[in-house]
Amino acid sequence: MTPFSYRCTDCGRLYSRDEVRYLCPECGKSYRPGIPLLGVLEAVFDYDAIRSAFDRAHPDWNLFCAVEKEFHPPIPVGNTPLGRVDRLGAELGLASLWVKNDGLNPSGSLKDRASFLVVAEARRLGMDLIVAASTGNAASALAAVCASTGTRALIFVPEKAPKAKLVQMVLYGARVVPIKGTYDDAFALSLEYTEKRGGLNRNTAYHPLTIEGKKTAGLEIWAQLGFQVPEAICVSVGDGVILGGVHKAFVDLQRAGLIERLPRLIGVQAESSDAIHRYVETGVYSDAANPTTRADSISVTCPSNAHGARRAILDSLGLTLTVTDEEILSAQALLASRTGIFTEPAGATALAGLIKLQAGPQRLAASGPVVILATGHGLKDVEAPLSRISIPPAVEPSLASLPL
Ligand SMILES: *Cc1c(COP(=O)(O)O)cnc(C)c1O
Ligand SMILES: [Zn+2]
């Protein structure tokens, strides 16, 4: 670990590590559930210390980590494979296309990275209850990591979350409270719970270490490409915290003098859940009134990290776009049939965006590496692709029953 402070991403005030826990005490006063978070904190490290200690031959990622190693949960998270996908790349006119398969985390999604760090922080603080609101994956992730440490997890999820995700979190031993309402309702209730009854709140972006946890995906991409900054990284966007975390990875590397430029971040949202996209395009924020997308993990009315996500896109000279559910499900099938990677609809949204981008005037140049972040495993929601495919009927086990 390297020493760090927290800085408010809105007013710039600096706080020591244990002076604050969630939002900036000043800017957070204006926050109320139902608007994007205000006063989100970012960890600022001693970048000179990182620069002098970092060695590419033996990278010590703990230098970039905001919690001491002794508190890390005993469950391996991250270090997911980054693979080159030439068949798919050729179809998209990209000579160097890669997929980072984060569905291979223990609970099957990138959310394990955030949960890992927040559980580590709870152990440092000696807290034994962690509370979260989730569309499903953050809850499964928290439940899995808590199972490895014996920490209690209390989870608020929309009752309509995909079955497999609900099964996971119950099986991991969390206390699961399905909510008759949306993810945004669950978010508000979990804040009220930790304010009035206690526990450490793991809500995305609200706890600053969720962003730091997700950052590790970006650090790994850099290392796995042979310490090269990709041209672009395509990320599906719900609350905008994965996007913010990947951006933070490259910002940290740049501040430490280890890289010279940022990758362009391509943020992709579902058409019905497009609050961040419209915010980037117009500079004016408004909710996505009716986020009905089948990509449940990115179905959000009011993205908690809307402000940070917009800054990440602008700062990286990136862009956002939206795709329909039809495009998402066909990207999911394309990825599966061209690469062998089965990712849930939210994970395939990044590819759906890249396909759309490559068909238009802003298409990416063919040369540099482009990375698609596949954020969750396909088996988490088999109902979604089942709406477009049919499983062949059974036949008698004889050669005669097989058509030629
Ligand atoms: C949470 C999630 C996302 C979106 O991440 P945000 O930080 O909410 O933008 C994308 N894909 C999957 C599989 C997720 O679980
Ligand atoms: Zn502030």
# chains A, B, ... in the order shown; residues from 1 in each chain; ligands from 1

$ residues_near_ligand --ligand "ligand 1" --cutoff "7 Å" --atoms "only C-alpha atoms and all ligand atoms" --output "ChimeraX atom specification"
/A:109-111,137-138,236-243,297-298,344,346-347,375-376

$ write_last_selection --atoms "N, CA, C and O atoms" --output "JSON list (two decimals), in the first residue's frame"
[["chain", "number", "residue", "atom", "x", "y", "z"],
["A", 109, "SER", "N", -18.65, -11.82, -11.91],
["A", 109, "SER", "CA", -18.70, -10.47, -12.48],
["A", 109, "SER", "C", -17.58, -9.59, -11.95],
["A", 109, "SER", "O", -16.93, -9.90, -10.95],
["A", 110, "LEU", "N", -17.38, -8.49, -12.65],
["A", 110, "LEU", "CA", -16.36, -7.52, -12.28],
["A", 110, "LEU", "C", -16.60, -6.92, -10.89],
["A", 110, "LEU", "O", -15.68, -6.42, -10.25],
["A", 111, "LYS", "N", -17.86, -6.98, -10.42],
["A", 111, "LYS", "CA", -18.21, -6.42, -9.11],
["A", 111, "LYS", "C", -17.39, -7.01, -7.97],
["A", 111, "LYS", "O", -17.28, -6.41, -6.90],
["A", 137, "ASN", "N", -25.54, -8.19, -9.35],
["A", 137, "ASN", "CA", -24.14, -8.64, -9.33],
["A", 137, "ASN", "C", -23.34, -8.09, -8.15],
["A", 137, "ASN", "O", -22.49, -8.80, -7.60],
["A", 138, "ALA", "N", -23.56, -6.85, -7.78],
["A", 138, "ALA", "CA", -22.81, -6.29, -6.65],
["A", 138, "ALA", "C", -23.15, -7.09, -5.39],
["A", 138, "ALA", "O", -22.29, -7.34, -4.54],
["A", 236, "SER", "N", -19.49, -1.20, -20.74],
["A", 236, "SER", "CA", -20.93, -0.97, -20.57],
["A", 236, "SER", "C", -21.14, -0.15, -19.30],
["A", 236, "SER", "O", -20.39, -0.27, -18.34],
["A", 237, "VAL", "N", -22.17, 0.68, -19.33],
["A", 237, "VAL", "CA", -22.32, 1.69, -18.28],
["A", 237, "VAL", "C", -23.72, 1.67, -17.68],
["A", 237, "VAL", "O", -24.71, 1.81, -18.40],
["A", 238, "GLY", "N", -23.77, 1.48, -16.36],
["A", 238, "GLY", "CA", -25.02, 1.62, -15.62],
["A", 238, "GLY", "C", -24.90, 2.82, -14.70],
["A", 238, "GLY", "O", -25.24, 3.94, -15.04],
["A", 239, "ASP", "N", -24.33, 2.59, -13.50],
["A", 239, "ASP", "CA", -24.06, 3.69, -12.57],
["A", 239, "ASP", "C", -22.80, 4.47, -12.96],
["A", 239, "ASP", "O", -22.52, 5.52, -12.39],
["A", 240, "GLY", "N", -22.01, 3.91, -13.85],
["A", 240, "GLY", "CA", -20.81, 4.63, -14.31],
["A", 240, "GLY", "C", -19.59, 4.43, -13.43],
["A", 240, "GLY", "O", -18.63, 5.21, -13.51],
["A", 241, "VAL", "N", -19.61, 3.41, -12.59],
["A", 241, "VAL", "CA", -18.49, 3.22, -11.67],
["A", 241, "VAL", "C", -17.38, 2.35, -12.30],
["A", 241, "VAL", "O", -16.20, 2.61, -12.08],
["A", 242, "ILE", "N", -17.76, 1.38, -13.11],
["A", 242, "ILE", "CA", -16.72, 0.63, -13.83],
["A", 242, "ILE", "C", -15.97, 1.62, -14.73],
["A", 242, "ILE", "O", -14.73, 1.65, -14.76],
["A", 243, "LEU", "N", -16.72, 2.42, -15.45],
["A", 243, "LEU", "CA", -16.10, 3.44, -16.30],
["A", 243, "LEU", "C", -15.18, 4.35, -15.48],
["A", 243, "LEU", "O", -14.02, 4.59, -15.86],
["A", 297, "SER", "N", -28.16, -5.49, -15.34],
["A", 297, "SER", "CA", -27.06, -4.91, -14.54],
["A", 297, "SER", "C", -26.78, -3.45, -14.88],
["A", 297, "SER", "O", -26.05, -2.79, -14.16],
["A", 298, "ILE", "N", -27.33, -2.97, -15.98],
["A", 298, "ILE", "CA", -27.12, -1.57, -16.33],
["A", 298, "ILE", "C", -28.45, -0.83, -16.42],
["A", 298, "ILE", "O", -28.56, 0.19, -17.10],
["A", 344, "GLU", "N", -23.05, -11.99, -19.95],
["A", 344, "GLU", "CA", -24.45, -11.61, -19.76],
["A", 344, "GLU", "C", -24.77, -10.38, -20.62],
["A", 344, "GLU", "O", -23.87, -9.71, -21.12],
["A", 346, "ALA", "N", -25.53, -7.32, -20.09],
["A", 346, "ALA", "CA", -24.81, -6.08, -19.75],
["A", 346, "ALA", "C", -23.36, -6.16, -20.20],
["A", 346, "ALA", "O", -22.77, -5.16, -20.61],
["A", 347, "GLY", "N", -22.77, -7.34, -20.12],
["A", 347, "GLY", "CA", -21.38, -7.50, -20.56],
["A", 347, "GLY", "C", -21.24, -7.34, -22.06],
["A", 347, "GLY", "O", -20.22, -6.84, -22.55],
["A", 375, "THR", "N", -18.13, -7.85, -18.71],
["A", 375, "THR", "CA", -18.18, -7.60, -17.27],
["A", 375, "THR", "C", -18.84, -8.69, -16.42],
["A", 375, "THR", "O", -18.65, -8.70, -15.21],
["A", 376, "GLY", "N", -19.63, -9.58, -17.05],
["A", 376, "GLY", "CA", -20.30, -10.58, -16.22],
["A", 376, "GLY", "C", -20.54, -11.87, -17.00],
["A", 376, "GLY", "O", -20.62, -11.86, -18.24]]

$ residues_around --residues "region 216-232 of chain A" --least-positions-apart "4" --cutoff "6 Å" --atoms "only C-alpha atoms" --output "PyMOL selection string"
chain A and resi 246+249+263-265+368-370

$ write_last_selection --atoms "N, CA, C and O atoms" --output "short mmCIF file (atom, residue, chain, number, x, y, z; two decimals), in the first residue's frame"
data_model
loop_
_atom_site.label_atom_id
_atom_site.label_comp_id
_atom_site.auth_asym_id
_atom_site.auth_seq_id
_atom_site.Cartn_x
_atom_site.Cartn_y
_atom_site.Cartn_z
N VAL A 246 -12.00 2.32 -14.33
CA VAL A 246 -11.02 2.08 -15.40
C VAL A 246 -10.28 3.38 -15.72
O VAL A 246 -9.06 3.40 -15.89
N ALA A 249 -7.66 4.05 -13.10
CA ALA A 249 -6.44 3.23 -13.25
C ALA A 249 -5.42 3.98 -14.11
O ALA A 249 -4.24 4.10 -13.73
N PRO A 263 -6.23 5.91 -22.43
CA PRO A 263 -6.99 5.28 -23.51
C PRO A 263 -8.31 6.02 -23.68
O PRO A 263 -8.84 6.58 -22.71
N ARG A 264 -8.84 6.03 -24.89
CA ARG A 264 -10.19 6.61 -25.07
C ARG A 264 -11.21 5.67 -24.46
O ARG A 264 -11.20 4.47 -24.75
N LEU A 265 -12.08 6.20 -23.65
CA LEU A 265 -13.11 5.35 -23.03
C LEU A 265 -14.40 5.48 -23.83
O LEU A 265 -14.90 6.58 -24.07
N GLY A 368 -4.32 0.33 -33.46
CA GLY A 368 -3.98 0.12 -32.04
C GLY A 368 -4.88 -0.89 -31.36
O GLY A 368 -5.96 -1.21 -31.84
N PRO A 369 -4.44 -1.39 -30.20
CA PRO A 369 -5.27 -2.34 -29.46
C PRO A 369 -6.57 -1.71 -28.94
O PRO A 369 -6.55 -0.60 -28.41
N VAL A 370 -7.66 -2.44 -29.14
CA VAL A 370 -8.96 -2.03 -28.60
C VAL A 370 -9.43 -3.15 -27.68
O VAL A 370 -9.33 -4.32 -28.03
#

$ closest_atom_pairs --of "chain A" --to "ligand 2" --cutoff "9 Å" --atoms "only C-alpha atoms and all ligand atoms" --output "Markdown table"
| residue | atom | partner | partner_atom_place_in_ligand_line | distance |
| --- | --- | --- | --- | --- |
| A:Arg7 | CA | ligand 2 | 1 (Zn) | 7.8 |
| A:Cys8 | CA | ligand 2 | 1 (Zn) | 4.6 |
| A:Thr9 | CA | ligand 2 | 1 (Zn) | 6.7 |
| A:Asp10 | CA | ligand 2 | 1 (Zn) | 5.1 |
| A:Cys11 | CA | ligand 2 | 1 (Zn) | 4.0 |
| A:Gly12 | CA | ligand 2 | 1 (Zn) | 6.0 |
| A:Arg13 | CA | ligand 2 | 1 (Zn) | 5.7 |
| A:Leu14 | CA | ligand 2 | 1 (Zn) | 8.6 |
| A:Leu23 | CA | ligand 2 | 1 (Zn) | 7.8 |
| A:Cys24 | CA | ligand 2 | 1 (Zn) | 4.7 |
| A:Pro25 | CA | ligand 2 | 1 (Zn) | 6.8 |
| A:Glu26 | CA | ligand 2 | 1 (Zn) | 5.2 |
| A:Cys27 | CA | ligand 2 | 1 (Zn) | 4.2 |
| A:Gly28 | CA | ligand 2 | 1 (Zn) | 7.0 |
| A:Leu38 | CA | ligand 2 | 1 (Zn) | 7.7 |
| A:Gly39 | CA | ligand 2 | 1 (Zn) | 4.7 |
| A:Val40 | CA | ligand 2 | 1 (Zn) | 7.7 |
| A:Leu41 | CA | ligand 2 | 1 (Zn) | 8.0 |

$ atom_distance --atom1 "CA of Leu166 (chain A)" --atom2 "CA of Thr292 (chain A)"
19.3 Å

$ closest_residue --among "A:Pro158, A:Gly340, A:Pro385, A:Gly150" --to "Asp185 (chain A)" --atoms "only C-alpha atoms"
A:Pro158

$ residues_around --residues "Lys248 (chain A)" --least-positions-apart "3" --cutoff "9 Å" --atoms "only C-alpha atoms" --output "number ranges by chain"
A: 42, 211-212, 214-215, 218, 243-245, 251-253, 312

$ write_last_selection --atoms "C-alpha atoms" --output "PDB file, in the first residue's frame"
ATOM      1  CA  GLU A  42     -11.214   9.818  -4.973  1.00  0.00           C
ATOM      2  CA  ILE A 211     -14.135   2.876  -7.605  1.00  0.00           C
ATOM      3  CA  GLU A 212     -10.656   1.949  -6.367  1.00  0.00           C
ATOM      4  CA  LYS A 214     -12.845  -1.596 -10.028  1.00  0.00           C
ATOM      5  CA  LYS A 215      -9.676   0.260 -10.981  1.00  0.00           C
ATOM      6  CA  GLY A 218      -7.683  -1.125 -15.899  1.00  0.00           C
ATOM      7  CA  LEU A 243     -16.101   3.439 -16.299  1.00  0.00           C
ATOM      8  CA  GLY A 244     -14.861   5.694 -13.491  1.00  0.00           C
ATOM      9  CA  GLY A 245     -12.675   2.921 -12.086  1.00  0.00           C
ATOM     10  CA  VAL A 251      -5.045   8.454 -14.288  1.00  0.00           C
ATOM     11  CA  ASP A 252      -3.039   6.864 -11.461  1.00  0.00           C
ATOM     12  CA  LEU A 253      -0.552   5.437 -13.957  1.00  0.00           C
ATOM     13  CA  ALA A 312     -14.023  10.284 -17.380  1.00  0.00           C
TER      14      ALA A 312
END

$ residues_around --residues "Ser387 (chain A)" --least-positions-apart "5" --cutoff "12 Å" --atoms "only C-alpha atoms" --output "list in words"
Arg294, Asp325, Glu326, Leu329, Ser330, Ala333, Asp381 and Val382 of chain A

$ write_last_selection --atoms "N, CA, C and O atoms" --output "PDB file, in the first residue's frame"
ATOM      1  N   ARG A 294     -33.309  -5.338 -20.869  1.00  0.00           N
ATOM      2  CA  ARG A 294     -33.074  -6.710 -20.405  1.00  0.00           C
ATOM      3  C   ARG A 294     -31.680  -6.862 -19.816  1.00  0.00           C
ATOM      4  O   ARG A 294     -31.377  -7.867 -19.180  1.00  0.00           O
ATOM      5  N   ASP A 325     -31.934  -3.245 -27.030  1.00  0.00           N
ATOM      6  CA  ASP A 325     -31.837  -4.595 -26.463  1.00  0.00           C
ATOM      7  C   ASP A 325     -31.578  -5.621 -27.564  1.00  0.00           C
ATOM      8  O   ASP A 325     -30.858  -6.601 -27.358  1.00  0.00           O
ATOM      9  N   GLU A 326     -32.174  -5.391 -28.717  1.00  0.00           N
ATOM     10  CA  GLU A 326     -31.946  -6.273 -29.867  1.00  0.00           C
ATOM     11  C   GLU A 326     -30.447  -6.302 -30.221  1.00  0.00           C
ATOM     12  O   GLU A 326     -29.853  -7.358 -30.423  1.00  0.00           O
ATOM     13  N   LEU A 329     -28.496  -8.233 -27.463  1.00  0.00           N
ATOM     14  CA  LEU A 329     -28.609  -9.695 -27.513  1.00  0.00           C
ATOM     15  C   LEU A 329     -27.925 -10.259 -28.747  1.00  0.00           C
ATOM     16  O   LEU A 329     -27.366 -11.356 -28.708  1.00  0.00           O
ATOM     17  N   SER A 330     -27.912  -9.514 -29.842  1.00  0.00           N
ATOM     18  CA  SER A 330     -27.196 -10.069 -30.986  1.00  0.00           C
ATOM     19  C   SER A 330     -25.683  -9.941 -30.797  1.00  0.00           C
ATOM     20  O   SER A 330     -24.927 -10.813 -31.229  1.00  0.00           O
ATOM     21  N   ALA A 333     -24.700 -12.947 -28.742  1.00  0.00           N
ATOM     22  CA  ALA A 333     -24.597 -14.159 -29.558  1.00  0.00           C
ATOM     23  C   ALA A 333     -23.347 -14.121 -30.433  1.00  0.00           C
ATOM     24  O   ALA A 333     -22.661 -15.139 -30.614  1.00  0.00           O
ATOM     25  N   ASP A 381     -27.792 -15.177 -16.452  1.00  0.00           N
ATOM     26  CA  ASP A 381     -29.127 -14.844 -16.941  1.00  0.00           C
ATOM     27  C   ASP A 381     -29.365 -15.543 -18.275  1.00  0.00           C
ATOM     28  O   ASP A 381     -29.193 -14.940 -19.332  1.00  0.00           O
ATOM     29  N   VAL A 382     -29.765 -16.825 -18.214  1.00  0.00           N
ATOM     30  CA  VAL A 382     -29.967 -17.535 -19.487  1.00  0.00           C
ATOM     31  C   VAL A 382     -31.317 -17.212 -20.112  1.00  0.00           C
ATOM     32  O   VAL A 382     -31.535 -17.462 -21.287  1.00  0.00           O
TER      33      VAL A 382
END

$ select_by_dssp --residues "region 190-356 of chain A" --states "strand (DSSP E)" --output "list in words"
Leu200, Asn201, Ala232, Ile233, Cys234, Val235, Ser236, Arg264, Leu265, Ile266, Gly267, Val268, Gln269, Ala270, Leu319, Thr320, Leu321, Thr322 and Val323 of chain A

$ write_last_selection --atoms "C-alpha atoms" --output "PDB file, in the first residue's frame"
ATOM      1  CA  LEU A 200     -20.592  -0.306   6.360  1.00  0.00           C
ATOM      2  CA  ASN A 201     -22.368   0.798   3.172  1.00  0.00           C
ATOM      3  CA  ALA A 232      -9.725   2.474 -26.621  1.00  0.00           C
ATOM      4  CA  ILE A 233     -11.578   0.487 -23.969  1.00  0.00           C
ATOM      5  CA  CYS A 234     -15.270  -0.273 -24.463  1.00  0.00           C
ATOM      6  CA  VAL A 235     -17.250  -0.425 -21.227  1.00  0.00           C
ATOM      7  CA  SER A 236     -20.927  -0.974 -20.570  1.00  0.00           C
ATOM      8  CA  ARG A 264     -10.189   6.609 -25.069  1.00  0.00           C
ATOM      9  CA  LEU A 265     -13.106   5.354 -23.031  1.00  0.00           C
ATOM     10  CA  ILE A 266     -16.155   4.263 -25.007  1.00  0.00           C
ATOM     11  CA  GLY A 267     -19.129   4.129 -22.633  1.00  0.00           C
ATOM     12  CA  VAL A 268     -22.111   2.144 -23.875  1.00  0.00           C
ATOM     13  CA  GLN A 269     -25.591   2.305 -22.373  1.00  0.00           C
ATOM     14  CA  ALA A 270     -28.881   0.611 -23.127  1.00  0.00           C
ATOM     15  CA  LEU A 319     -17.505   9.105 -26.262  1.00  0.00           C
ATOM     16  CA  THR A 320     -20.751   7.434 -25.278  1.00  0.00           C
ATOM     17  CA  LEU A 321     -23.434   5.747 -27.296  1.00  0.00           C
ATOM     18  CA  THR A 322     -26.600   3.747 -26.771  1.00  0.00           C
ATOM     19  CA  VAL A 323     -27.769   0.448 -28.178  1.00  0.00           C
TER      20      VAL A 323
END

$ residues_around --residues "Val85 (chain A)" --least-positions-apart "6" --cutoff "7 Å" --atoms "only C-alpha atoms" --output "list of chain:residue names"
A:Leu97, A:Trp98, A:Val99, A:Thr339

$ atom_distance --atom1 "CA of Tyr47 (chain A)" --atom2 "CA of Tyr6 (chain A)"
13.7 Å

$ residues_around --residues "Leu117 (chain A)" --least-positions-apart "2" --cutoff "12 Å" --atoms "only C-alpha atoms" --output "compact mmCIF listing (two decimals) with N, CA, C and O atoms, in the first residue's frame"
# COMPACT_ATOMS: atom_id res chain seq x y z
N ASN A 62 0.07 -3.83 -5.09
CA ASN A 62 -0.32 -3.26 -3.80
C ASN A 62 0.07 -1.80 -3.67
O ASN A 62 -0.49 -1.07 -2.86
N PHE A 64 -0.74 0.40 -5.63
CA PHE A 64 -1.90 1.16 -6.08
C PHE A 64 -3.14 0.87 -5.22
O PHE A 64 -4.23 1.28 -5.57
N CYS A 65 -2.94 0.12 -4.16
CA CYS A 65 -4.10 -0.38 -3.41
C CYS A 65 -4.33 0.44 -2.15
O CYS A 65 -3.39 0.77 -1.43
N ALA A 66 -5.60 0.75 -1.87
CA ALA A 66 -5.93 1.64 -0.74
C ALA A 66 -6.17 0.92 0.58
O ALA A 66 -6.55 1.57 1.56
N VAL A 67 -5.99 -0.38 0.62
CA VAL A 67 -6.10 -1.09 1.90
C VAL A 67 -4.91 -2.04 2.04
O VAL A 67 -4.55 -2.73 1.07
N GLU A 68 -4.34 -2.08 3.23
CA GLU A 68 -3.18 -2.92 3.49
C GLU A 68 -3.47 -4.39 3.20
O GLU A 68 -4.55 -4.89 3.49
N LYS A 69 -2.47 -5.07 2.70
CA LYS A 69 -2.61 -6.45 2.29
C LYS A 69 -3.10 -7.37 3.41
O LYS A 69 -3.84 -8.32 3.17
N GLU A 70 -2.69 -7.08 4.64
CA GLU A 70 -3.08 -7.97 5.75
C GLU A 70 -4.59 -8.07 5.92
O GLU A 70 -5.09 -9.02 6.51
N PHE A 71 -5.34 -7.10 5.39
CA PHE A 71 -6.80 -7.14 5.53
C PHE A 71 -7.49 -7.74 4.31
O PHE A 71 -8.72 -7.85 4.27
N HIS A 72 -6.73 -8.09 3.27
CA HIS A 72 -7.37 -8.57 2.05
C HIS A 72 -8.07 -9.90 2.30
O HIS A 72 -7.54 -10.79 2.97
N PRO A 73 -9.28 -10.04 1.77
CA PRO A 73 -10.03 -11.29 1.97
C PRO A 73 -9.33 -12.47 1.27
O PRO A 73 -8.69 -12.28 0.23
N PRO A 74 -9.45 -13.66 1.85
CA PRO A 74 -8.77 -14.82 1.28
C PRO A 74 -9.55 -15.44 0.13
O PRO A 74 -9.89 -16.61 0.17
N ILE A 75 -9.86 -14.65 -0.89
CA ILE A 75 -10.54 -15.17 -2.07
C ILE A 75 -9.89 -14.51 -3.28
O ILE A 75 -9.78 -13.28 -3.32
N PRO A 76 -9.40 -15.30 -4.22
CA PRO A 76 -8.71 -14.67 -5.36
C PRO A 76 -9.72 -13.96 -6.27
O PRO A 76 -10.66 -14.58 -6.75
N VAL A 77 -9.49 -12.68 -6.45
CA VAL A 77 -10.37 -11.85 -7.28
C VAL A 77 -9.50 -11.17 -8.33
O VAL A 77 -8.35 -10.81 -8.06
N GLY A 78 -10.05 -10.99 -9.53
CA GLY A 78 -9.31 -10.29 -10.58
C GLY A 78 -8.30 -11.19 -11.26
O GLY A 78 -8.43 -12.43 -11.23
N LYS A 111 -17.86 -6.98 -10.42
CA LYS A 111 -18.21 -6.42 -9.11
C LYS A 111 -17.39 -7.01 -7.97
O LYS A 111 -17.28 -6.41 -6.90
N ASP A 112 -16.84 -8.22 -8.17
CA ASP A 112 -16.02 -8.83 -7.13
C ASP A 112 -14.85 -7.92 -6.75
O ASP A 112 -14.39 -7.92 -5.61
N ARG A 113 -14.37 -7.17 -7.72
CA ARG A 113 -13.21 -6.30 -7.46
C ARG A 113 -13.55 -5.22 -6.43
O ARG A 113 -12.76 -4.91 -5.55
N ALA A 114 -14.74 -4.62 -6.57
CA ALA A 114 -15.16 -3.58 -5.63
C ALA A 114 -15.46 -4.18 -4.27
O ALA A 114 -15.05 -3.64 -3.23
N SER A 115 -16.14 -5.32 -4.28
CA SER A 115 -16.49 -5.95 -3.00
C SER A 115 -15.24 -6.37 -2.24
O SER A 115 -15.18 -6.24 -1.01
N VAL A 119 -14.67 -5.03 1.52
CA VAL A 119 -14.60 -5.99 2.63
C VAL A 119 -13.25 -5.86 3.34
O VAL A 119 -13.16 -5.91 4.57
N ALA A 120 -12.19 -5.64 2.57
CA ALA A 120 -10.87 -5.41 3.19
C ALA A 120 -10.94 -4.20 4.11
O ALA A 120 -10.44 -4.22 5.24
N GLU A 121 -11.59 -3.14 3.64
CA GLU A 121 -11.72 -1.91 4.45
C GLU A 121 -12.55 -2.17 5.71
O GLU A 121 -12.21 -1.69 6.80
N ALA A 122 -13.61 -2.95 5.59
CA ALA A 122 -14.42 -3.28 6.77
C ALA A 122 -13.58 -4.02 7.80
O ALA A 122 -13.69 -3.78 9.01
N ARG A 123 -12.72 -4.89 7.34
CA ARG A 123 -11.86 -5.64 8.28
C ARG A 123 -10.87 -4.70 8.95
O ARG A 123 -10.57 -4.81 10.13
N ARG A 124 -10.34 -3.74 8.18
CA ARG A 124 -9.42 -2.77 8.77
C ARG A 124 -10.12 -1.96 9.85
O ARG A 124 -9.54 -1.65 10.89
N ALA A 141 -21.50 -10.49 -5.52
CA ALA A 141 -20.07 -10.28 -5.29
C ALA A 141 -19.80 -10.05 -3.81
O ALA A 141 -18.91 -10.65 -3.22
N LEU A 142 -20.61 -9.19 -3.20
CA LEU A 142 -20.40 -8.91 -1.78
C LEU A 142 -20.62 -10.18 -0.96
O LEU A 142 -19.84 -10.50 -0.05
N VAL A 145 -17.55 -12.55 -1.35
CA VAL A 145 -16.34 -12.12 -0.65
C VAL A 145 -16.57 -12.23 0.87
O VAL A 145 -15.69 -12.69 1.61
N CYS A 146 -17.77 -11.85 1.34
CA CYS A 146 -18.07 -11.96 2.77
C CYS A 146 -18.04 -13.41 3.23
O CYS A 146 -17.68 -13.71 4.36
N ARG A 202 -21.77 -0.40 1.13
CA ARG A 202 -20.92 -0.70 -0.03
C ARG A 202 -21.53 -0.15 -1.32
O ARG A 202 -21.08 -0.45 -2.43
N HIS A 207 -19.41 4.49 -1.54
CA HIS A 207 -18.16 4.14 -0.86
C HIS A 207 -17.03 4.32 -1.87
O HIS A 207 -17.01 3.65 -2.91
N PRO A 208 -16.08 5.22 -1.58
CA PRO A 208 -15.06 5.54 -2.60
C PRO A 208 -14.21 4.33 -3.01
O PRO A 208 -13.68 4.31 -4.12
N LEU A 209 -14.12 3.33 -2.15
CA LEU A 209 -13.28 2.20 -2.51
C LEU A 209 -13.92 1.26 -3.52
O LEU A 209 -13.27 0.36 -4.05
N THR A 210 -15.21 1.48 -3.84
CA THR A 210 -15.78 0.70 -4.95
C THR A 210 -15.09 1.11 -6.25
O THR A 210 -14.81 0.28 -7.10
N ILE A 211 -14.81 2.40 -6.40
CA ILE A 211 -14.14 2.88 -7.60
C ILE A 211 -12.69 2.36 -7.62
O ILE A 211 -12.20 1.86 -8.64
N GLU A 212 -12.04 2.45 -6.47
CA GLU A 212 -10.66 1.95 -6.37
C GLU A 212 -10.59 0.46 -6.66
O GLU A 212 -9.64 -0.03 -7.28
N GLY A 213 -11.59 -0.29 -6.22
CA GLY A 213 -11.60 -1.73 -6.46
C GLY A 213 -11.72 -2.04 -7.94
O GLY A 213 -11.00 -2.87 -8.49
N LYS A 214 -12.63 -1.35 -8.60
CA LYS A 214 -12.84 -1.60 -10.03
C LYS A 214 -11.67 -1.13 -10.87
O LYS A 214 -11.46 -1.57 -12.00
N LYS A 215 -10.88 -0.24 -10.31
CA LYS A 215 -9.68 0.26 -10.98
C LYS A 215 -8.74 -0.87 -11.40
O LYS A 215 -8.05 -0.77 -12.43
N THR A 216 -8.71 -1.94 -10.61
CA THR A 216 -7.73 -3.00 -10.89
C THR A 216 -7.92 -3.60 -12.28
O THR A 216 -6.97 -4.08 -12.88

$ atom_distance --atom1 "CA of Ser190 (chain A)" --atom2 "CA of Thr204 (chain A)"
11.4 Å

$ closest_residue --among "A:Leu354, A:Thr293, A:Ser30, A:Val44" --to "Ser16 (chain A)" --atoms "only C-alpha atoms"
A:Val44

$ select_by_dssp --residues "region 251-326 of chain A" --states "alpha helix (DSSP H)" --output "list in words"
Val251, Asp252, Leu253, Gln254, Arg255, Ala275, Ile276, His277, Arg278, Tyr279, Val280, Glu281, Thr282, Ala306, His307, Gly308, Ala309, Arg310, Arg311, Ala312, Ile313, Leu314, Asp315, Asp325 and Glu326 of chain A

$ residues_around --residues "Arg197 (chain A)" --least-positions-apart "4" --cutoff "12 Å" --atoms "only C-alpha atoms" --output "compact mmCIF listing (two decimals) with N, CA and C atoms, in the first residue's frame"
# COMPACT_ATOMS: atom_id res chain seq x y z
N LEU A 129 -20.51 -5.93 9.61
CA LEU A 129 -21.71 -5.96 8.76
C LEU A 129 -21.51 -5.01 7.58
N ILE A 130 -21.77 -5.53 6.37
CA ILE A 130 -21.69 -4.69 5.18
C ILE A 130 -23.05 -4.72 4.49
N VAL A 131 -23.49 -3.54 4.09
CA VAL A 131 -24.84 -3.39 3.53
C VAL A 131 -24.71 -2.88 2.11
N LEU A 154 -25.70 -7.74 4.22
CA LEU A 154 -27.14 -7.47 4.13
C LEU A 154 -27.39 -6.79 2.80
N LEU A 189 -33.06 2.84 0.24
CA LEU A 189 -33.32 2.11 1.49
C LEU A 189 -32.01 1.70 2.17
N SER A 190 -31.03 1.28 1.38
CA SER A 190 -29.78 0.84 2.00
C SER A 190 -29.04 2.01 2.65
N LEU A 191 -29.17 3.19 2.07
CA LEU A 191 -28.55 4.38 2.69
C LEU A 191 -29.22 4.68 4.03
N GLU A 192 -30.53 4.58 4.04
CA GLU A 192 -31.26 4.85 5.27
C GLU A 192 -30.89 3.81 6.33
N TYR A 193 -30.72 2.58 5.89
CA TYR A 193 -30.36 1.51 6.84
C TYR A 193 -29.03 1.80 7.51
N ASN A 201 -21.61 0.77 4.42
CA ASN A 201 -22.37 0.80 3.17
C ASN A 201 -21.44 0.61 1.97

$ closest_atom_pairs --of "region 24-117 of chain A" --to "region 355-360 of chain A" --cutoff "10 Å" --atoms "only C-alpha atoms" --output "CSV"
residue,atom,partner,partner_atom,distance
A:Glu91,CA,A:Ile355,CA,9.3
A:Leu92,CA,A:Gln358,CA,6.5
A:Gly93,CA,A:Gln358,CA,7.7
A:Leu94,CA,A:Gln358,CA,9.0
